[in-house]
file data16.csv (CSV, C-alpha atoms and all ligand atoms)
chain,number,residue,atom,x,y,z
A,122,MET,CA,-6.4,-15.0,-16.1
A,123,ARG,CA,-8.7,-16.7,-13.6
A,124,MET,CA,-11.8,-18.7,-14.6
A,125,VAL,CA,-14.7,-17.9,-12.4
A,126,LYS,CA,-17.2,-20.1,-14.3
A,127,GLY,CA,-16.0,-23.4,-15.9
A,128,THR,CA,-12.8,-25.4,-15.5
A,129,PRO,CA,-9.6,-24.5,-17.3
A,130,ALA,CA,-8.2,-27.2,-19.7
A,131,SER,CA,-5.1,-28.8,-18.0
A,132,GLU,CA,-2.8,-27.8,-20.9
A,133,SER,CA,-3.6,-24.1,-20.1
A,134,GLN,CA,-2.4,-24.6,-16.5
A,135,LYS,CA,0.9,-26.4,-17.3
A,136,GLY,CA,3.9,-24.9,-15.4
A,137,LEU,CA,1.7,-22.9,-13.0
A,138,LYS,CA,2.2,-23.2,-9.2
A,139,SER,CA,-0.2,-25.6,-7.6
A,140,SER,CA,-1.7,-22.8,-5.5
A,141,LEU,CA,-2.6,-21.0,-8.8
A,142,VAL,CA,-4.0,-24.2,-10.4
A,143,SER,CA,-6.2,-24.7,-7.3
A,144,GLN,CA,-7.7,-21.2,-7.8
A,145,ASN,CA,-8.5,-21.8,-11.5
A,146,TYR,CA,-5.8,-19.5,-12.9
A,147,PHE,CA,-4.7,-20.4,-16.4
A,148,LEU,CA,-2.6,-19.1,-19.3
A,149,PRO,CA,-4.9,-17.6,-21.9
A,150,CYS,CA,-2.3,-18.1,-24.6
A,151,SER,CA,-2.6,-21.9,-24.3
A,152,CYS,CA,-6.4,-22.1,-23.7
A,153,SER,CA,-8.7,-22.7,-26.6
A,154,ALA,CA,-12.3,-21.6,-25.9
A,155,ASP,CA,-14.3,-24.7,-26.9
A,156,ARG,CA,-17.0,-24.1,-24.4
A,157,ASP,CA,-18.6,-21.2,-22.4
A,158,MET,CA,-16.4,-19.7,-19.7
A,159,GLU,CA,-16.3,-16.6,-17.6
A,160,VAL,CA,-12.9,-15.2,-16.8
A,161,ILE,CA,-11.4,-12.2,-14.9
A,162,LEU,CA,-8.0,-10.5,-14.8
A,163,PRO,CA,-5.8,-11.7,-11.9
A,164,ASP,CA,-6.0,-8.5,-10.0
A,165,ALA,CA,-9.8,-8.0,-10.4
A,166,ALA,CA,-10.5,-8.6,-6.7
A,167,ASN,CA,-12.8,-5.7,-6.1
A,168,PHE,CA,-15.6,-7.2,-4.0
A,169,ARG,CA,-15.8,-5.3,-0.7
A,170,PHE,CA,-17.0,-6.5,2.7
A,171,SER,CA,-18.0,-4.5,5.6
A,172,THR,CA,-16.9,-5.9,9.0
A,173,SER,CA,-16.2,-4.8,12.6
A,174,VAL,CA,-13.1,-4.7,14.8
A,175,VAL,CA,-13.1,-7.6,17.3
A,176,SER,CA,-9.8,-6.6,19.0
A,177,VAL,CA,-6.7,-4.4,18.7
A,178,ASP,CA,-3.7,-5.6,20.7
A,179,LEU,CA,-0.2,-4.1,20.8
A,180,LEU,CA,2.1,-7.1,20.6
A,181,THR,CA,5.3,-5.1,20.6
A,182,SER,CA,6.0,-1.3,20.4
A,183,GLU,CA,5.7,-1.6,16.6
A,184,ILE,CA,3.3,-4.5,15.9
A,185,VAL,CA,-0.5,-4.5,16.4
A,186,ARG,CA,-2.6,-7.6,16.1
A,187,LEU,CA,-5.9,-6.6,14.6
A,188,ARG,CA,-8.8,-9.1,14.7
A,189,LEU,CA,-11.9,-8.5,12.5
A,190,ALA,CA,-15.2,-10.3,12.4
A,191,ARG,CA,-15.2,-12.8,9.5
A,192,PRO,CA,-18.0,-11.6,7.1
A,193,SER,CA,-20.4,-14.2,6.0
A,194,GLY,CA,-19.3,-15.7,2.7
A,195,PHE,CA,-15.7,-14.5,3.1
A,196,GLN,CA,-13.4,-17.3,1.8
A,197,TYR,CA,-9.6,-17.4,2.2
A,198,HIS,CA,-6.5,-19.4,2.6
A,199,PRO,CA,-4.2,-18.4,5.5
A,200,GLY,CA,-1.3,-16.4,4.0
A,201,GLN,CA,-3.4,-14.7,1.3
A,202,TYR,CA,-3.9,-11.0,1.7
A,203,ILE,CA,-6.7,-8.4,1.8
A,204,THR,CA,-6.9,-4.7,1.3
A,205,LEU,CA,-8.0,-2.8,4.4
A,206,TYR,CA,-9.6,0.6,3.8
A,207,ASN,CA,-9.7,3.6,6.2
A,208,ALA,CA,-12.7,5.9,6.4
A,209,GLU,CA,-11.3,8.1,3.5
A,210,GLY,CA,-11.1,5.0,1.3
A,211,THR,CA,-7.3,4.7,1.4
A,212,GLY,CA,-6.5,1.0,1.1
A,213,ARG,CA,-3.4,-1.0,2.1
A,214,THR,CA,-2.7,-4.7,1.7
A,215,TYR,CA,-2.3,-7.0,4.8
A,216,SER,CA,-1.7,-10.7,5.1
A,217,LEU,CA,-4.0,-13.1,6.9
A,218,ALA,CA,-2.5,-14.8,9.9
A,219,SER,CA,-5.7,-16.6,10.9
A,220,THR,CA,-7.0,-19.9,9.6
A,221,PRO,CA,-10.7,-20.3,8.7
A,222,VAL,CA,-11.2,-23.7,10.3
A,223,LEU,CA,-9.5,-22.7,13.6
A,224,ASP,CA,-10.4,-19.0,14.1
A,225,PRO,CA,-13.8,-17.3,13.9
A,226,PHE,CA,-12.0,-14.0,13.2
A,227,LEU,CA,-9.6,-12.6,10.5
A,228,GLU,CA,-6.2,-11.8,12.0
A,229,LEU,CA,-3.8,-9.2,10.7
A,230,HIS,CA,-0.4,-8.1,12.1
A,231,ILE,CA,0.3,-4.5,11.2
A,232,ARG,CA,3.7,-2.8,11.7
A,233,LEU,CA,3.6,0.9,12.5
A,234,VAL,CA,5.3,2.8,9.6
A,235,PRO,CA,6.3,6.3,10.7
A,236,ASN,CA,3.8,8.7,9.1
A,237,GLY,CA,2.1,5.8,7.3
A,238,ILE,CA,-1.5,6.6,6.5
A,239,VAL,CA,-3.2,3.3,7.2
A,240,SER,CA,-0.8,1.7,9.7
A,241,SER,CA,-0.9,4.8,11.9
A,242,TRP,CA,-4.7,4.8,11.7
A,243,VAL,CA,-4.8,1.2,12.8
A,244,HIS,CA,-2.3,1.8,15.7
A,245,LYS,CA,-3.7,5.1,16.9
A,246,GLN,CA,-7.4,5.3,16.0
A,247,LEU,CA,-9.1,2.0,15.5
A,248,THR,CA,-11.0,0.6,18.4
A,249,VAL,CA,-13.1,-2.4,19.2
A,250,GLY,CA,-16.6,-2.2,17.5
A,251,ASP,CA,-15.4,0.2,14.7
A,252,THR,CA,-16.7,-0.7,11.2
A,253,VAL,CA,-14.2,-1.1,8.5
A,254,SER,CA,-14.2,-2.1,4.8
A,255,ILE,CA,-12.0,-4.9,3.4
A,256,SER,CA,-11.5,-6.6,0.0
A,257,GLU,CA,-11.8,-10.3,-0.7
A,258,ALA,CA,-8.6,-12.3,-0.2
A,259,ILE,CA,-6.2,-12.9,-3.0
A,260,GLY,CA,-2.7,-14.2,-3.5
A,261,ASN,CA,-1.0,-17.5,-4.0
A,262,CYS,CA,1.3,-17.7,-1.0
A,263,PHE,CA,-0.5,-20.4,1.0
A,264,TYR,CA,-0.2,-24.0,2.1
A,265,MET,CA,-1.1,-26.7,-0.4
A,266,ALA,CA,-1.8,-30.2,1.0
A,267,ASP,CA,-0.5,-31.9,-2.2
A,268,ASN,CA,2.7,-33.2,-0.7
A,269,PRO,CA,2.4,-33.9,3.0
A,270,ASP,CA,6.0,-35.2,3.4
A,271,GLN,CA,7.7,-32.3,1.8
A,272,SER,CA,10.1,-30.3,4.0
A,273,LEU,CA,8.9,-26.7,4.4
A,274,LEU,CA,11.1,-23.6,5.0
A,275,LEU,CA,9.4,-20.4,6.0
A,276,VAL,CA,11.4,-17.1,6.3
A,277,GLY,CA,9.9,-13.8,7.2
A,278,THR,CA,10.9,-10.4,8.5
A,279,GLY,CA,8.9,-8.1,10.8
A,280,SER,CA,5.2,-8.4,10.2
A,281,GLY,CA,6.1,-10.9,7.4
A,282,LEU,CA,5.5,-13.4,10.1
A,283,ALA,CA,1.7,-12.9,9.6
A,284,PRO,CA,1.2,-15.0,6.5
A,285,LEU,CA,3.8,-17.6,7.8
A,286,TYR,CA,1.9,-18.0,11.1
A,287,GLY,CA,-1.2,-18.7,9.2
A,288,ILE,CA,0.6,-21.1,6.8
A,289,VAL,CA,2.3,-23.1,9.6
A,290,ARG,CA,-1.0,-23.6,11.5
A,291,ASP,CA,-2.8,-24.5,8.3
A,292,ALA,CA,-0.1,-27.1,7.5
A,293,LEU,CA,-0.4,-28.6,11.0
A,294,HIS,CA,-4.2,-28.6,10.7
A,295,HIS,CA,-3.8,-30.7,7.5
A,296,ALA,CA,-1.5,-33.0,9.4
A,297,HIS,CA,1.6,-32.1,7.4
A,298,GLN,CA,4.3,-34.8,8.1
A,299,GLY,CA,7.4,-33.2,6.6
A,300,ILE,CA,9.6,-30.9,8.7
A,301,ILE,CA,8.5,-27.3,9.0
A,302,LYS,CA,11.3,-24.8,9.8
A,303,LEU,CA,10.3,-21.2,10.5
A,304,TYR,CA,12.9,-18.4,10.7
A,305,HIS,CA,11.5,-15.0,11.9
A,306,GLY,CA,13.9,-12.1,11.6
A,307,SER,CA,14.0,-8.5,12.7
A,308,GLY,CA,16.6,-5.7,13.0
A,309,THR,CA,15.7,-5.3,16.7
A,310,MET,CA,13.8,-7.2,19.4
A,311,ALA,CA,10.8,-4.8,18.8
A,312,GLY,CA,10.0,-6.7,15.6
A,313,ILE,CA,10.0,-10.2,17.3
A,314,TYR,CA,6.5,-11.3,18.4
A,315,LEU,CA,4.4,-14.4,19.1
A,316,GLN,CA,7.5,-16.1,20.5
A,317,GLN,CA,5.6,-17.9,23.2
A,318,GLU,CA,2.9,-19.2,20.8
A,319,LEU,CA,5.5,-20.4,18.3
A,320,ASN,CA,7.7,-22.0,20.9
A,321,GLN,CA,4.6,-23.8,22.2
A,322,LEU,CA,3.7,-24.9,18.6
A,323,ALA,CA,7.3,-26.3,18.2
A,324,LYS,CA,6.9,-28.1,21.6
A,325,ASN,CA,3.6,-29.7,20.6
A,326,HIS,CA,4.7,-30.8,17.2
A,327,ASN,CA,8.1,-32.6,16.8
A,328,ASN,CA,8.3,-31.8,13.1
A,329,VAL,CA,8.2,-28.0,13.8
A,330,GLU,CA,11.3,-25.8,14.5
A,331,TYR,CA,11.1,-22.1,15.2
A,332,THR,CA,14.0,-19.7,15.3
A,333,ALA,CA,13.8,-16.0,16.1
A,334,CYS,CA,16.7,-14.0,14.7
A,335,VAL,CA,17.8,-10.4,15.5
A,336,SER,CA,20.4,-8.8,13.3
A,337,ARG,CA,21.3,-5.5,15.0
A,338,ILE,CA,22.6,-5.7,18.6
A,339,SER,CA,25.4,-4.1,20.5
A,340,GLN,CA,25.5,-6.7,23.3
A,341,ALA,CA,24.2,-10.3,23.6
A,342,THR,CA,22.2,-9.3,26.7
A,343,GLU,CA,19.8,-7.4,24.5
A,344,LEU,CA,18.4,-10.7,23.1
A,345,ASP,CA,15.6,-12.6,24.8
A,346,ALA,CA,16.3,-16.2,25.7
A,347,GLY,CA,16.3,-18.4,22.6
A,348,VAL,CA,16.7,-15.6,20.1
A,349,VAL,CA,19.7,-16.0,17.7
A,350,HIS,CA,22.0,-13.2,16.6
A,351,GLY,CA,22.0,-12.8,12.8
A,352,ARG,CA,19.8,-12.4,9.7
A,353,ALA,CA,17.0,-14.9,9.2
A,354,THR,CA,18.1,-16.0,5.7
A,355,ALA,CA,21.7,-16.4,6.7
A,356,ILE,CA,20.8,-18.5,9.7
A,357,ALA,CA,18.3,-20.6,7.7
A,358,LEU,CA,21.0,-21.4,5.1
A,359,GLN,CA,23.6,-22.1,7.8
A,360,HIS,CA,21.2,-24.7,9.4
A,361,ASN,CA,20.0,-26.1,6.0
A,362,PRO,CA,22.7,-25.7,3.4
A,363,ARG,CA,21.1,-28.2,0.9
A,364,MET,CA,17.3,-27.9,0.3
A,365,SER,CA,16.6,-29.7,-2.9
A,366,GLY,CA,13.0,-30.9,-2.9
A,367,TRP,CA,11.9,-28.4,-0.3
A,368,ARG,CA,9.0,-25.9,-0.6
A,369,ALA,CA,9.7,-22.4,0.7
A,370,TYR,CA,7.6,-19.4,1.8
A,371,ILE,CA,9.2,-16.0,2.0
A,372,CYS,CA,7.4,-12.8,3.2
A,373,GLY,CA,8.3,-9.3,4.3
A,374,GLU,CA,10.8,-6.7,3.2
A,375,PRO,CA,11.1,-6.8,-0.7
A,376,LYS,CA,14.9,-6.9,-0.9
A,377,MET,CA,15.0,-9.7,1.7
A,378,VAL,CA,12.4,-11.7,-0.3
A,379,ASN,CA,14.4,-11.2,-3.5
A,380,ASP,CA,17.8,-12.1,-2.0
A,381,THR,CA,16.3,-15.1,-0.1
A,382,SER,CA,14.6,-16.5,-3.3
A,383,ARG,CA,17.9,-16.4,-5.1
A,384,ALA,CA,19.9,-17.9,-2.2
A,385,LEU,CA,17.3,-20.8,-1.9
A,386,PHE,CA,17.5,-21.5,-5.6
A,387,LEU,CA,21.3,-21.8,-5.3
A,388,ALA,CA,20.7,-24.1,-2.3
A,389,GLY,CA,18.6,-26.4,-4.5
A,390,VAL,CA,15.0,-25.2,-4.1
A,391,SER,CA,13.1,-25.3,-7.4
A,392,LEU,CA,11.7,-21.9,-8.3
A,393,LYS,CA,8.2,-23.4,-8.7
A,394,ASP,CA,8.4,-24.4,-5.0
A,395,VAL,CA,9.1,-20.8,-3.9
A,396,TYR,CA,6.1,-18.9,-2.7
A,397,SER,CA,6.6,-15.3,-1.7
A,398,ASP,CA,4.9,-12.0,-0.8
A,399,PRO,CA,7.2,-9.0,-0.9
A,400,PHE,CA,5.6,-6.3,1.2
A,401,ILE,CA,6.0,-3.6,-1.4
A,402,HIS,CA,4.8,-0.2,-0.1
A,403,SER,CA,2.5,2.1,-2.1
A,404,LYS,CA,4.1,5.0,-4.0
A,405,PRO,CA,3.5,8.3,-2.1
B,1,LIG,C1,1.2,-8.5,-0.5
B,1,LIG,C2,1.4,-7.5,0.6
B,1,LIG,C3,1.2,-7.9,1.9
B,1,LIG,C4,1.4,-7.1,3.0
B,1,LIG,N1,1.2,-7.6,4.2
B,1,LIG,C5,1.5,-6.8,5.3
B,1,LIG,C6,1.3,-7.3,6.6
B,1,LIG,O1,0.8,-8.4,6.9
B,1,LIG,N2,1.6,-6.4,7.7
B,1,LIG,C7,2.1,-5.2,7.5
B,1,LIG,O2,2.4,-4.5,8.4
B,1,LIG,N3,2.3,-4.7,6.2
B,1,LIG,C8,2.0,-5.4,5.1
B,1,LIG,N4,2.2,-4.9,3.9
B,1,LIG,C9,2.6,-3.5,3.7
B,1,LIG,C10,1.3,-2.6,3.8
B,1,LIG,O3,0.5,-2.9,2.6
B,1,LIG,C11,1.7,-1.1,3.7
B,1,LIG,O4,2.5,-0.8,2.7
B,1,LIG,C12,2.2,-0.6,5.1
B,1,LIG,O5,1.4,-0.9,6.2
B,1,LIG,C13,2.5,0.9,5.0
B,1,LIG,O6,1.2,1.6,4.7
B,1,LIG,P1,0.9,3.0,5.3
B,1,LIG,O7,-0.4,3.5,4.7
B,1,LIG,O8,1.0,2.9,6.8
B,1,LIG,O9,2.1,3.9,4.9
B,1,LIG,P2,2.1,4.9,3.6
B,1,LIG,O10,1.3,6.0,3.8
B,1,LIG,O11,1.8,4.0,2.4
B,1,LIG,O12,3.7,5.3,3.6
B,1,LIG,C14,4.2,6.4,4.3
B,1,LIG,C15,5.6,6.6,3.9
B,1,LIG,O13,6.4,5.5,4.4
B,1,LIG,C16,7.0,4.8,3.3
B,1,LIG,N5,6.9,3.4,3.7
B,1,LIG,C17,5.8,2.6,3.6
B,1,LIG,N6,6.1,1.4,4.0
B,1,LIG,C18,7.4,1.3,4.3
B,1,LIG,C19,8.3,0.3,4.8
B,1,LIG,N7,7.9,-0.9,5.0
B,1,LIG,N8,9.6,0.7,5.0
B,1,LIG,C20,10.0,1.9,4.8
B,1,LIG,N9,9.2,2.9,4.3
B,1,LIG,C21,7.9,2.7,4.1
B,1,LIG,C22,6.3,5.2,2.1
B,1,LIG,O14,7.0,5.1,0.9
B,1,LIG,C23,5.9,6.6,2.4
B,1,LIG,O15,6.9,7.5,2.1
B,1,LIG,C24,1.9,-5.8,2.8
B,1,LIG,C25,2.2,-5.3,1.4
B,1,LIG,C26,1.9,-6.2,0.4
B,1,LIG,C27,2.2,-5.7,-1.0

call {"tool": "encode", "arguments": {"input": "data16.csv", "output": "structure tokens", "more": "lines below"}}
Ligand SMILES: Cc1cc2nc3c(=O)[nH]c(=O)nc-3n(C[C@H](O)[C@H](O)[C@H](O)COP(=O)(O)OP(=O)(O)OC[C@H]3O[C@@H](n4cnc5c(N)ncnc54)[C@H](O)[C@@H]3O)c2cc1C
result
Amino acid sequence: MRMVKGTPASESQKGLKSSLVSQNYFLPCSCSADRDMEVILPDAANFRFSTSVVSVDLLTSEIVRLRLARPSGFQYHPGQYITLYNAEGTGRTYSLASTPVLDPFLELHIRLVPNGIVSSWVHKQLTVGDTVSISEAIGNCFYMADNPDQSLLLVGTGSGLAPLYGIVRDALHHAHQGIIKLYHGSGTMAGIYLQQELNQLAKNHNNVEYTACVSRISQATELDAGVVHGRATAIALQHNPRMSGWRAYICGEPKMVNDTSRALFLAGVSLKDVYSDPFIHSKP
């Protein structure tokens, strides 16, 4: 549960990830109510904000960058997610790639799913100035400034780059000192985007490494300069076979998130240091 008034006793937060502790989550089974408190269920994020479209940019044939005005009072950590509703009230979850201190807008990266209700509406209908409805931000996949020297590994596929982009920029904003290695994977070049921005980030910060990985090619000439052939997880493990003491962020296709979590555990990453968002799609 999450305490919205009051502070949970520390014994009721034992074993929780630090991002959950910082948001006042606690385990009700080990919390004795010795004072007044107000609590909600973890998924009770039902506040809605109305906002407007600032820009819609096609980054590749399948990825749109959607920027929305940040409503007043809207709080978030880069990497958390919101629900975006279309005019009929159908909502889908999208991760926040922007950072509140650096960007005046909310940024989402939305991959076009063939016949997908909300992603097709964003790609084909939304235009600058349209009004849309969003939920508050939730989720615990975000940067925590509690260990500035820790090595960070970020692995994402397709639009799974969105939360990771926010997390990397947030870590740098907090002057993170440990190495930060970002592996972005896609089946084809059409899923690789923000290469220029990420290469620039790596150039400007000597603790940042960025590797774009494409797994399905028939000839090496299909790859842009600097893009590696292979799956992001396999390449990350090849480059970093032992990762004990690291913190990891994994976002995107659910099977990839599952397999990568397991592989990182075997490479020495503690499960409490694995933060992930599998992009599970809604049931039809
Ligand atoms: C925590 C979280 C964060 C997310 N963040 C992002 C994000 O930042 N960017 C982003 O693009 N998406 C993200 N998603 C996925 C997003 O919420 C939607 O599922 C996606 O955009 C499809 O919605 P839709 O309405 O277009 O398709 P729907 O109308 O829901 O689906 C249409 C059809 O396509 C199938 N389908 C849906 N998605 C996929 C898929 N990925 N692969 C294969 N078949 C599929 C459905 O089963 C259905 O048959 C996230 C999901 C979660 C749970």

call {"tool": "residues_near_point", "arguments": {"input": "data16.csv", "point": "(13.5, -24.2, 11.5)", "cutoff": "9 Å", "atoms": "only C-alpha atoms", "output": "list of chain:residue names"}}
result
A:Leu273, A:Leu274, A:Leu275, A:Ile300, A:Ile301, A:Lys302, A:Leu303, A:Tyr304, A:Val329, A:Glu330, A:Tyr331, A:Thr332, A:Ala357, A:His360, A:Asn361

call {"tool": "write_last_selection", "arguments": {"input": "data16.csv", "atoms": "C-alpha atoms", "output": "mmCIF file, keeping the file's coordinate frame"}}
result
data_model
loop_
_atom_site.group_PDB
_atom_site.id
_atom_site.type_symbol
_atom_site.label_atom_id
_atom_site.label_comp_id
_atom_site.auth_asym_id
_atom_site.auth_seq_id
_atom_site.Cartn_x
_atom_site.Cartn_y
_atom_site.Cartn_z
ATOM 1 C CA LEU A 273 8.900 -26.700 4.400
ATOM 2 C CA LEU A 274 11.100 -23.600 5.000
ATOM 3 C CA LEU A 275 9.400 -20.400 6.000
ATOM 4 C CA ILE A 300 9.600 -30.900 8.700
ATOM 5 C CA ILE A 301 8.500 -27.300 9.000
ATOM 6 C CA LYS A 302 11.300 -24.800 9.800
ATOM 7 C CA LEU A 303 10.300 -21.200 10.500
ATOM 8 C CA TYR A 304 12.900 -18.400 10.700
ATOM 9 C CA VAL A 329 8.200 -28.000 13.800
ATOM 10 C CA GLU A 330 11.300 -25.800 14.500
ATOM 11 C CA TYR A 331 11.100 -22.100 15.200
ATOM 12 C CA THR A 332 14.000 -19.700 15.300
ATOM 13 C CA ALA A 357 18.300 -20.600 7.700
ATOM 14 C CA HIS A 360 21.200 -24.700 9.400
ATOM 15 C CA ASN A 361 20.000 -26.100 6.000
#

call {"tool": "residues_near_ligand", "arguments": {"input": "data16.csv", "ligand": "ligand LIG 1 (chain B)", "cutoff": "7 Å", "atoms": "all atoms listed in the file", "output": "number ranges by chain"}}
result
A: 202, 213-217, 229-241, 280-281, 283-284, 374, 398-405

call {"tool": "atom_distance", "arguments": {"input": "data16.csv", "atom1": "atom CA of Gln316 of chain A", "atom2": "atom CA of Tyr264 of chain A"}}
result
21.5 Å

call {"tool": "atom_distance", "arguments": {"input": "data16.csv", "atom1": "atom CA of Asp224 of chain A", "atom2": "atom CA of Gly312 of chain A"}}
result
23.9 Å

call {"tool": "closest_residue", "arguments": {"input": "data16.csv", "among": "A:Val175, A:Ile259, A:Ala130, A:Leu141", "to": "Asp155 of chain A", "atoms": "only C-alpha atoms"}}
result
A:Ala130

call {"tool": "residues_around", "arguments": {"input": "data16.csv", "residues": "Val395 of chain A", "least_positions_apart": "4", "cutoff": "12 Å", "atoms": "all atoms listed in the file", "output": "PDB file with C-alpha atoms, in the coordinates of the input"}}
result
ATOM      1  CA  LEU A 137       1.700 -22.900 -13.000  1.00  0.00           C
ATOM      2  CA  LYS A 138       2.200 -23.200  -9.200  1.00  0.00           C
ATOM      3  CA  SER A 139      -0.200 -25.600  -7.600  1.00  0.00           C
ATOM      4  CA  SER A 140      -1.700 -22.800  -5.500  1.00  0.00           C
ATOM      5  CA  ASN A 261      -1.000 -17.500  -4.000  1.00  0.00           C
ATOM      6  CA  CYS A 262       1.300 -17.700  -1.000  1.00  0.00           C
ATOM      7  CA  PHE A 263      -0.500 -20.400   1.000  1.00  0.00           C
ATOM      8  CA  TYR A 264      -0.200 -24.000   2.100  1.00  0.00           C
ATOM      9  CA  LEU A 273       8.900 -26.700   4.400  1.00  0.00           C
ATOM     10  CA  LEU A 274      11.100 -23.600   5.000  1.00  0.00           C
ATOM     11  CA  LEU A 275       9.400 -20.400   6.000  1.00  0.00           C
ATOM     12  CA  VAL A 276      11.400 -17.100   6.300  1.00  0.00           C
ATOM     13  CA  MET A 364      17.300 -27.900   0.300  1.00  0.00           C
ATOM     14  CA  SER A 365      16.600 -29.700  -2.900  1.00  0.00           C
ATOM     15  CA  GLY A 366      13.000 -30.900  -2.900  1.00  0.00           C
ATOM     16  CA  TRP A 367      11.900 -28.400  -0.300  1.00  0.00           C
ATOM     17  CA  ARG A 368       9.000 -25.900  -0.600  1.00  0.00           C
ATOM     18  CA  ALA A 369       9.700 -22.400   0.700  1.00  0.00           C
ATOM     19  CA  TYR A 370       7.600 -19.400   1.800  1.00  0.00           C
ATOM     20  CA  ILE A 371       9.200 -16.000   2.000  1.00  0.00           C
ATOM     21  CA  CYS A 372       7.400 -12.800   3.200  1.00  0.00           C
ATOM     22  CA  VAL A 378      12.400 -11.700  -0.300  1.00  0.00           C
ATOM     23  CA  ASN A 379      14.400 -11.200  -3.500  1.00  0.00           C
ATOM     24  CA  THR A 381      16.300 -15.100  -0.100  1.00  0.00           C
ATOM     25  CA  SER A 382      14.600 -16.500  -3.300  1.00  0.00           C
ATOM     26  CA  ARG A 383      17.900 -16.400  -5.100  1.00  0.00           C
ATOM     27  CA  ALA A 384      19.900 -17.900  -2.200  1.00  0.00           C
ATOM     28  CA  LEU A 385      17.300 -20.800  -1.900  1.00  0.00           C
ATOM     29  CA  PHE A 386      17.500 -21.500  -5.600  1.00  0.00           C
ATOM     30  CA  GLY A 389      18.600 -26.400  -4.500  1.00  0.00           C
ATOM     31  CA  VAL A 390      15.000 -25.200  -4.100  1.00  0.00           C
ATOM     32  CA  SER A 391      13.100 -25.300  -7.400  1.00  0.00           C
TER      33      SER A 391
END

call {"tool": "residues_around", "arguments": {"input": "data16.csv", "residues": "segment 247-254 of chain A", "least_positions_apart": "6", "cutoff": "7 Å", "atoms": "all atoms listed in the file", "output": "VMD selection string"}}
result
chain A and resid 169 to 177 205 to 207

call {"tool": "residues_around", "arguments": {"input": "data16.csv", "residues": "Thr181 of chain A", "least_positions_apart": "2", "cutoff": "7 Å", "atoms": "all atoms listed in the file", "output": "number ranges by chain"}}
result
A: 179, 183-184, 311, 314

call {"tool": "residues_around", "arguments": {"input": "data16.csv", "residues": "Met124 of chain A", "least_positions_apart": "3", "cutoff": "7 Å", "atoms": "only C-alpha atoms", "output": "JSON, numbers by chain"}}
result
{"A": [127, 128, 129, 145, 146, 158, 159, 160, 161]}

call {"tool": "closest_residue", "arguments": {"input": "data16.csv", "among": "A:Val289, A:Ala355, A:Leu344, A:Ala296", "to": "Leu319 of chain A", "atoms": "all atoms listed in the file"}}
result
A:Val289

call {"tool": "closest_residue", "arguments": {"input": "data16.csv", "among": "A:Ala346, A:Ala292, A:Ile313, A:Cys334", "to": "Thr220 of chain A", "atoms": "all atoms listed in the file"}}
result
A:Ala292

call {"tool": "atom_distance", "arguments": {"input": "data16.csv", "atom1": "atom CA of Asp291 of chain A", "atom2": "atom CA of Ser256 of chain A"}}
result
21.6 Å

call {"tool": "closest_residue", "arguments": {"input": "data16.csv", "among": "A:Pro362, A:Ala208, A:Lys324, A:Thr354", "to": "Asp380 of chain A", "atoms": "only C-alpha atoms"}}
result
A:Thr354
